[in-house]
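Coordinates from coords_6.txt are shown below (compact mmCIF, N, CA and C atoms).
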# COMPACT_ATOMS: atom_id res chain seq x y z
N MET A 1039 146.61 -158.21 -29.26
CA MET A 1039 146.87 -158.33 -27.84
C MET A 1039 146.85 -156.96 -27.18
N MET A 1040 147.46 -155.98 -27.82
CA MET A 1040 147.52 -154.65 -27.26
C MET A 1040 146.13 -154.02 -27.15
N SER A 1041 145.28 -154.22 -28.17
CA SER A 1041 143.95 -153.63 -28.14
C SER A 1041 143.09 -154.28 -27.05
N GLU A 1042 143.28 -155.57 -26.79
CA GLU A 1042 142.54 -156.23 -25.72
C GLU A 1042 142.89 -155.64 -24.37
N MET A 1043 144.16 -155.34 -24.16
CA MET A 1043 144.61 -154.79 -22.90
C MET A 1043 144.00 -153.40 -22.68
N ASN A 1044 143.97 -152.58 -23.70
CA ASN A 1044 143.40 -151.24 -23.58
C ASN A 1044 141.91 -151.29 -23.30
N VAL A 1045 141.18 -152.16 -23.96
CA VAL A 1045 139.75 -152.29 -23.75
C VAL A 1045 139.47 -152.77 -22.33
N THR A 1046 140.23 -153.76 -21.87
CA THR A 1046 140.05 -154.28 -20.53
C THR A 1046 140.33 -153.22 -19.47
N SER A 1047 141.38 -152.47 -19.64
CA SER A 1047 141.69 -151.44 -18.65
C SER A 1047 140.65 -150.32 -18.68
N MET A 1048 140.08 -150.03 -19.84
CA MET A 1048 139.05 -149.00 -19.93
C MET A 1048 137.77 -149.49 -19.28
N ASP A 1049 137.42 -150.77 -19.46
CA ASP A 1049 136.22 -151.32 -18.84
C ASP A 1049 136.35 -151.33 -17.32
N ALA A 1050 137.54 -151.59 -16.83
CA ALA A 1050 137.75 -151.61 -15.38
C ALA A 1050 137.57 -150.22 -14.78
N ALA A 1051 137.83 -149.17 -15.55
CA ALA A 1051 137.71 -147.81 -15.05
C ALA A 1051 136.26 -147.34 -14.99
N LYS A 1052 135.35 -147.97 -15.76
CA LYS A 1052 133.95 -147.59 -15.77
C LYS A 1052 133.28 -148.10 -14.49
N PRO A 1053 132.50 -147.23 -13.84
CA PRO A 1053 131.79 -147.71 -12.65
C PRO A 1053 130.62 -148.60 -13.05
N THR A 1054 130.38 -149.60 -12.24
CA THR A 1054 129.23 -150.46 -12.49
C THR A 1054 127.96 -149.73 -12.10
N ALA A 1055 126.83 -150.29 -12.46
CA ALA A 1055 125.55 -149.66 -12.12
C ALA A 1055 125.38 -149.58 -10.60
N ALA A 1056 125.84 -150.60 -9.89
CA ALA A 1056 125.73 -150.59 -8.43
C ALA A 1056 126.60 -149.51 -7.82
N GLN A 1057 127.81 -149.34 -8.36
CA GLN A 1057 128.70 -148.30 -7.85
C GLN A 1057 128.13 -146.91 -8.14
N ALA A 1058 127.56 -146.72 -9.32
CA ALA A 1058 126.97 -145.43 -9.67
C ALA A 1058 125.78 -145.14 -8.77
N SER A 1059 124.96 -146.15 -8.51
CA SER A 1059 123.81 -145.98 -7.63
C SER A 1059 124.26 -145.65 -6.22
N ARG A 1060 125.29 -146.34 -5.76
CA ARG A 1060 125.84 -146.09 -4.42
C ARG A 1060 126.37 -144.67 -4.32
N SER A 1061 127.04 -144.21 -5.36
CA SER A 1061 127.57 -142.86 -5.39
C SER A 1061 126.45 -141.83 -5.32
N GLN A 1062 125.36 -142.08 -6.03
CA GLN A 1062 124.21 -141.18 -6.00
C GLN A 1062 123.58 -141.15 -4.61
N GLN A 1063 123.51 -142.32 -3.98
CA GLN A 1063 122.95 -142.40 -2.62
C GLN A 1063 123.81 -141.61 -1.63
N VAL A 1064 125.12 -141.76 -1.75
CA VAL A 1064 126.03 -141.04 -0.85
C VAL A 1064 125.92 -139.54 -1.09
N ASN A 1065 125.82 -139.11 -2.34
CA ASN A 1065 125.67 -137.68 -2.64
C ASN A 1065 124.37 -137.13 -2.07
N LYS A 1066 123.30 -137.90 -2.18
CA LYS A 1066 122.00 -137.46 -1.63
C LYS A 1066 122.09 -137.40 -0.11
N LEU A 1067 122.71 -138.40 0.51
CA LEU A 1067 122.89 -138.40 1.96
C LEU A 1067 123.70 -137.18 2.39
N ARG A 1068 124.77 -136.88 1.65
CA ARG A 1068 125.61 -135.73 1.96
C ARG A 1068 124.81 -134.43 1.89
N GLU A 1069 123.94 -134.33 0.90
CA GLU A 1069 123.11 -133.13 0.75
C GLU A 1069 122.12 -132.98 1.91
N VAL A 1070 121.46 -134.09 2.27
CA VAL A 1070 120.48 -134.05 3.35
C VAL A 1070 121.15 -133.75 4.69
N VAL A 1071 122.28 -134.37 4.95
CA VAL A 1071 123.01 -134.12 6.20
C VAL A 1071 123.50 -132.67 6.25
N GLY A 1072 123.96 -132.15 5.12
CA GLY A 1072 124.39 -130.75 5.08
C GLY A 1072 123.25 -129.81 5.41
N GLU A 1073 122.07 -130.09 4.87
CA GLU A 1073 120.90 -129.26 5.19
C GLU A 1073 120.57 -129.35 6.67
N MET A 1074 120.61 -130.56 7.21
CA MET A 1074 120.29 -130.74 8.63
C MET A 1074 121.27 -129.97 9.52
N VAL A 1075 122.54 -130.08 9.21
CA VAL A 1075 123.55 -129.37 10.00
C VAL A 1075 123.37 -127.86 9.84
N GLY A 1076 123.08 -127.42 8.63
CA GLY A 1076 122.87 -125.99 8.40
C GLY A 1076 121.70 -125.44 9.18
N VAL A 1077 120.56 -126.14 9.13
CA VAL A 1077 119.38 -125.67 9.85
C VAL A 1077 119.62 -125.71 11.35
N THR A 1078 120.27 -126.76 11.81
CA THR A 1078 120.50 -126.91 13.24
C THR A 1078 121.44 -125.83 13.79
N PHE A 1079 122.55 -125.58 13.11
CA PHE A 1079 123.54 -124.66 13.65
C PHE A 1079 123.40 -123.24 13.10
N PHE A 1080 123.35 -123.10 11.79
CA PHE A 1080 123.24 -121.77 11.22
C PHE A 1080 121.89 -121.14 11.55
N GLY A 1081 120.84 -121.96 11.61
CA GLY A 1081 119.51 -121.45 11.96
C GLY A 1081 119.51 -120.82 13.33
N GLN A 1082 120.15 -121.48 14.28
CA GLN A 1082 120.23 -120.92 15.63
C GLN A 1082 121.07 -119.64 15.66
N MET A 1083 122.15 -119.63 14.90
CA MET A 1083 122.99 -118.43 14.86
C MET A 1083 122.22 -117.24 14.28
N LEU A 1084 121.46 -117.48 13.22
CA LEU A 1084 120.67 -116.41 12.63
C LEU A 1084 119.57 -115.94 13.57
N LYS A 1085 118.96 -116.87 14.28
CA LYS A 1085 117.91 -116.50 15.24
C LYS A 1085 118.48 -115.59 16.33
N ILE A 1086 119.66 -115.94 16.82
CA ILE A 1086 120.30 -115.12 17.85
C ILE A 1086 120.68 -113.76 17.30
N ALA A 1087 121.21 -113.74 16.08
CA ALA A 1087 121.61 -112.47 15.46
C ALA A 1087 120.41 -111.56 15.24
N GLN A 1088 119.26 -112.13 14.91
CA GLN A 1088 118.06 -111.32 14.66
C GLN A 1088 117.45 -110.79 15.95
N SER A 1089 117.73 -111.43 17.06
CA SER A 1089 117.11 -111.02 18.32
C SER A 1089 117.94 -110.02 19.11
N ASN A 1090 118.97 -109.43 18.49
CA ASN A 1090 119.79 -108.48 19.24
C ASN A 1090 119.00 -107.20 19.50
N SER A 1091 119.44 -106.44 20.47
CA SER A 1091 118.72 -105.23 20.88
C SER A 1091 119.19 -103.98 20.16
N PHE A 1092 120.07 -104.12 19.17
CA PHE A 1092 120.61 -102.95 18.47
C PHE A 1092 119.94 -102.73 17.12
N LYS A 1093 118.64 -102.89 17.06
CA LYS A 1093 117.92 -102.69 15.81
C LYS A 1093 117.58 -101.20 15.66
N ALA A 1094 117.78 -100.72 14.46
CA ALA A 1094 117.43 -99.33 14.17
C ALA A 1094 116.00 -99.27 13.64
N ASP A 1095 115.27 -98.20 13.98
CA ASP A 1095 113.88 -98.07 13.54
C ASP A 1095 113.78 -97.94 12.02
N PHE A 1096 114.74 -97.27 11.39
CA PHE A 1096 114.66 -97.06 9.95
C PHE A 1096 114.92 -98.33 9.14
N ALA A 1097 115.50 -99.35 9.74
CA ALA A 1097 115.84 -100.57 9.02
C ALA A 1097 114.81 -101.67 9.23
N GLN A 1098 113.71 -101.36 9.88
CA GLN A 1098 112.69 -102.37 10.14
C GLN A 1098 111.82 -102.59 8.91
N GLY A 1099 111.49 -103.83 8.64
CA GLY A 1099 110.66 -104.19 7.50
C GLY A 1099 109.19 -104.29 7.85
N GLY A 1100 108.85 -103.93 9.07
CA GLY A 1100 107.46 -103.94 9.49
C GLY A 1100 106.91 -105.33 9.73
N ARG A 1101 105.60 -105.45 9.59
CA ARG A 1101 104.91 -106.71 9.86
C ARG A 1101 105.33 -107.80 8.87
N GLY A 1102 105.59 -107.44 7.62
CA GLY A 1102 106.03 -108.41 6.62
C GLY A 1102 107.34 -109.07 7.02
N GLU A 1103 108.26 -108.29 7.52
CA GLU A 1103 109.53 -108.86 7.97
C GLU A 1103 109.32 -109.79 9.15
N GLU A 1104 108.46 -109.38 10.06
CA GLU A 1104 108.19 -110.23 11.22
C GLU A 1104 107.60 -111.58 10.80
N MET A 1105 106.73 -111.55 9.79
CA MET A 1105 106.05 -112.78 9.35
C MET A 1105 107.00 -113.73 8.63
N PHE A 1106 107.87 -113.19 7.81
CA PHE A 1106 108.67 -114.04 6.94
C PHE A 1106 110.14 -114.17 7.33
N ARG A 1107 110.57 -113.50 8.36
CA ARG A 1107 111.97 -113.55 8.78
C ARG A 1107 112.40 -114.97 9.12
N GLY A 1108 111.57 -115.70 9.84
CA GLY A 1108 111.91 -117.07 10.22
C GLY A 1108 112.07 -117.98 9.01
N GLN A 1109 111.19 -117.81 8.02
CA GLN A 1109 111.29 -118.62 6.81
C GLN A 1109 112.56 -118.29 6.04
N LEU A 1110 112.88 -117.00 5.94
CA LEU A 1110 114.10 -116.60 5.25
C LEU A 1110 115.33 -117.13 5.97
N ASP A 1111 115.33 -117.03 7.29
CA ASP A 1111 116.47 -117.54 8.06
C ASP A 1111 116.67 -119.03 7.85
N MET A 1112 115.58 -119.81 7.85
CA MET A 1112 115.69 -121.26 7.64
C MET A 1112 116.19 -121.58 6.23
N GLU A 1113 115.73 -120.82 5.24
CA GLU A 1113 116.20 -121.06 3.87
C GLU A 1113 117.69 -120.72 3.75
N LEU A 1114 118.10 -119.62 4.36
CA LEU A 1114 119.52 -119.25 4.33
C LEU A 1114 120.37 -120.31 5.05
N ALA A 1115 119.88 -120.78 6.18
CA ALA A 1115 120.61 -121.80 6.94
C ALA A 1115 120.69 -123.11 6.15
N ARG A 1116 119.59 -123.49 5.49
CA ARG A 1116 119.58 -124.72 4.69
C ARG A 1116 120.57 -124.63 3.55
N ARG A 1117 120.60 -123.50 2.87
CA ARG A 1117 121.53 -123.33 1.75
C ARG A 1117 122.98 -123.29 2.23
N ALA A 1118 123.21 -122.65 3.36
CA ALA A 1118 124.57 -122.60 3.91
C ALA A 1118 125.05 -124.01 4.28
N GLY A 1119 124.16 -124.81 4.83
CA GLY A 1119 124.51 -126.18 5.19
C GLY A 1119 124.81 -127.03 3.97
N LYS A 1120 124.04 -126.85 2.89
CA LYS A 1120 124.29 -127.61 1.67
C LYS A 1120 125.63 -127.24 1.05
N GLY A 1121 126.04 -126.00 1.23
CA GLY A 1121 127.28 -125.52 0.64
C GLY A 1121 128.52 -125.86 1.44
N MET A 1122 128.33 -126.38 2.64
CA MET A 1122 129.47 -126.71 3.49
C MET A 1122 130.22 -127.91 2.96
N ARG A 1123 131.51 -127.85 2.98
CA ARG A 1123 132.35 -129.00 2.65
C ARG A 1123 133.35 -129.16 3.78
N GLY A 1124 133.49 -130.38 4.21
CA GLY A 1124 134.37 -130.64 5.34
C GLY A 1124 133.62 -130.43 6.64
N GLY A 1125 134.26 -130.73 7.70
CA GLY A 1125 133.66 -130.48 9.00
C GLY A 1125 132.63 -131.51 9.41
N LEU A 1126 131.68 -131.06 10.20
CA LEU A 1126 130.71 -131.94 10.84
C LEU A 1126 129.83 -132.68 9.84
N ALA A 1127 129.35 -132.00 8.81
CA ALA A 1127 128.46 -132.65 7.83
C ALA A 1127 129.15 -133.82 7.15
N ASP A 1128 130.39 -133.65 6.75
CA ASP A 1128 131.11 -134.74 6.10
C ASP A 1128 131.40 -135.88 7.06
N GLN A 1129 131.68 -135.57 8.31
CA GLN A 1129 131.94 -136.62 9.29
C GLN A 1129 130.68 -137.45 9.54
N ILE A 1130 129.53 -136.80 9.63
CA ILE A 1130 128.28 -137.52 9.82
C ILE A 1130 127.98 -138.39 8.60
N THR A 1131 128.17 -137.82 7.41
CA THR A 1131 127.93 -138.58 6.18
C THR A 1131 128.84 -139.79 6.09
N ASP A 1132 130.12 -139.61 6.38
CA ASP A 1132 131.06 -140.73 6.34
C ASP A 1132 130.68 -141.82 7.34
N TYR A 1133 130.24 -141.41 8.53
CA TYR A 1133 129.82 -142.38 9.54
C TYR A 1133 128.65 -143.21 9.04
N TYR A 1134 127.61 -142.53 8.55
CA TYR A 1134 126.43 -143.26 8.08
C TYR A 1134 126.72 -144.09 6.84
N THR A 1135 127.60 -143.63 5.98
CA THR A 1135 127.97 -144.41 4.80
C THR A 1135 128.64 -145.71 5.23
N ARG A 1136 129.57 -145.62 6.18
CA ARG A 1136 130.23 -146.83 6.68
C ARG A 1136 129.24 -147.72 7.42
N TYR A 1137 128.40 -147.13 8.27
CA TYR A 1137 127.45 -147.89 9.07
C TYR A 1137 126.46 -148.63 8.17
N LEU A 1138 125.89 -147.93 7.21
CA LEU A 1138 124.91 -148.55 6.33
C LEU A 1138 125.56 -149.59 5.43
N GLY A 1139 126.79 -149.33 4.97
CA GLY A 1139 127.50 -150.29 4.14
C GLY A 1139 127.85 -151.55 4.91
N ALA A 1140 128.23 -151.39 6.16
CA ALA A 1140 128.62 -152.55 6.98
C ALA A 1140 127.41 -153.42 7.33
N ASN A 1141 126.25 -152.82 7.38
CA ASN A 1141 125.05 -153.57 7.73
C ASN A 1141 124.24 -154.02 6.52
N GLY A 1142 124.77 -153.81 5.32
CA GLY A 1142 124.13 -154.33 4.12
C GLY A 1142 123.00 -153.50 3.56
N TYR A 1143 122.82 -152.28 4.06
CA TYR A 1143 121.77 -151.41 3.53
C TYR A 1143 122.24 -150.76 2.24
N GLY A 1144 121.32 -150.51 1.35
CA GLY A 1144 121.62 -149.76 0.15
C GLY A 1144 122.45 -150.51 -0.88
N GLU A 1145 122.54 -151.80 -0.76
CA GLU A 1145 123.33 -152.56 -1.73
C GLU A 1145 122.45 -153.42 -2.58
Would you give me this structure, written as C-alpha cells?
Amino acid sequence: MMSEMNVTSMDAAKPTAAQASRSQQVNKLREVVGEMVGVTFFGQMLKIAQSNSFKADFAQGGRGEEMFRGQLDMELARRAGKGMRGGLADQITDYYTRYLGANGYGE
C-alpha cells in the first residue's frame, strides 16, 4: 500500500507531454517577446546615444563603424531584451499566454 502511494504521488509530479509542450511554447514566446521589447526600446536608446554631438575624433572607427554600428546596436538591443526578466516583456508574455490559452490555441 505504501509503495503504491509513493508511485502515484511521483507520477502526479511528472509533467504530461502536453504540459511540457505548453511550457516550451511559453518559453519560446517569452524569448521572442523579450527580443521585440529589447529591439524596440533598447535599440532606440542606443540610436540616440550614438547620435550625440560629443564624439571625439580619436575614438572614431571610420567607415567600418558607420557601416556596422546599426547592426551591432540591434544585436546588443536584442540580447538585452532576451536577458530581461520582469517588467514589460513578462507582462506581454503573460497576456498572450492567457489570451491564447483562453481561445484554445496551442493546446
Discussion item. I'd like the interatomic distance between CA of Tyr1134 in chain A and atom N of Ala1055 in chain A, to a tenth of an Å.
Written reply: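 We find that CA of Tyr1134 in chain A and atom N of Ala1055 in chain A lie 21.7 Å from each other.
Nearest residue to Leu1114 in chain A among A:Asp1132, A:Gly1072, A:Phe1080, A:Ala1056 is A:Phe1080, counting only N, CA and C atoms.
Of the residues under consideration (A:Gln1129, A:Gln1082, A:Ser1089, A:Thr1135), A:Gln1082 shows the shortest atom-to-atom contact distance to Asp1111 in chain A when counting only N, CA and C atoms.
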Worksheet item: With distances taken over only N, CA and C atoms, which of A:Ala1118, A:Met1112, A:Ala1058, A:Met1105 is nearest to Val1075 in chain A?
Response: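 Of A:Ala1118, A:Met1112, A:Ala1058, A:Met1105, the one nearest Val1075 in chain A is A:Ala1118, counting only N, CA and C atoms.
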Fill in: Pairwise distance for atom N of Lys1085 in chain A and CA of Arg1116 in chain A, rounded to one decimal in Å
12.4 Å
Discussion item. So, with only N, CA and C atoms as the atoms that count, which of A:Ala1115, A:Glu1104, A:Val1064, A:Val1071 lies closest to Leu1084 in chain A?
Written reply: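 Counting only N, CA and C atoms, the residue closest to Leu1084 in chain A is A:Ala1115.
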Discussion item. If I take atom N of Gln1109 in chain A and CA of Ala1087 in chain A, how far is one from the other in Å, to one decimal?
Written reply: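 Taking atom N of Gln1109 in chain A as the start and CA of Ala1087 in chain A as the end point, the length is 13.9 Å.
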Worksheet entry | Which of A:Gln1063, A:Thr1078, A:Thr1054, A:Gln1088 sits closest to Gly1139 in chain A [using only C-alpha atoms] |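 Residue with the minimum atom-to-atom distance to Gly1139 in chain A: A:Gln1063.
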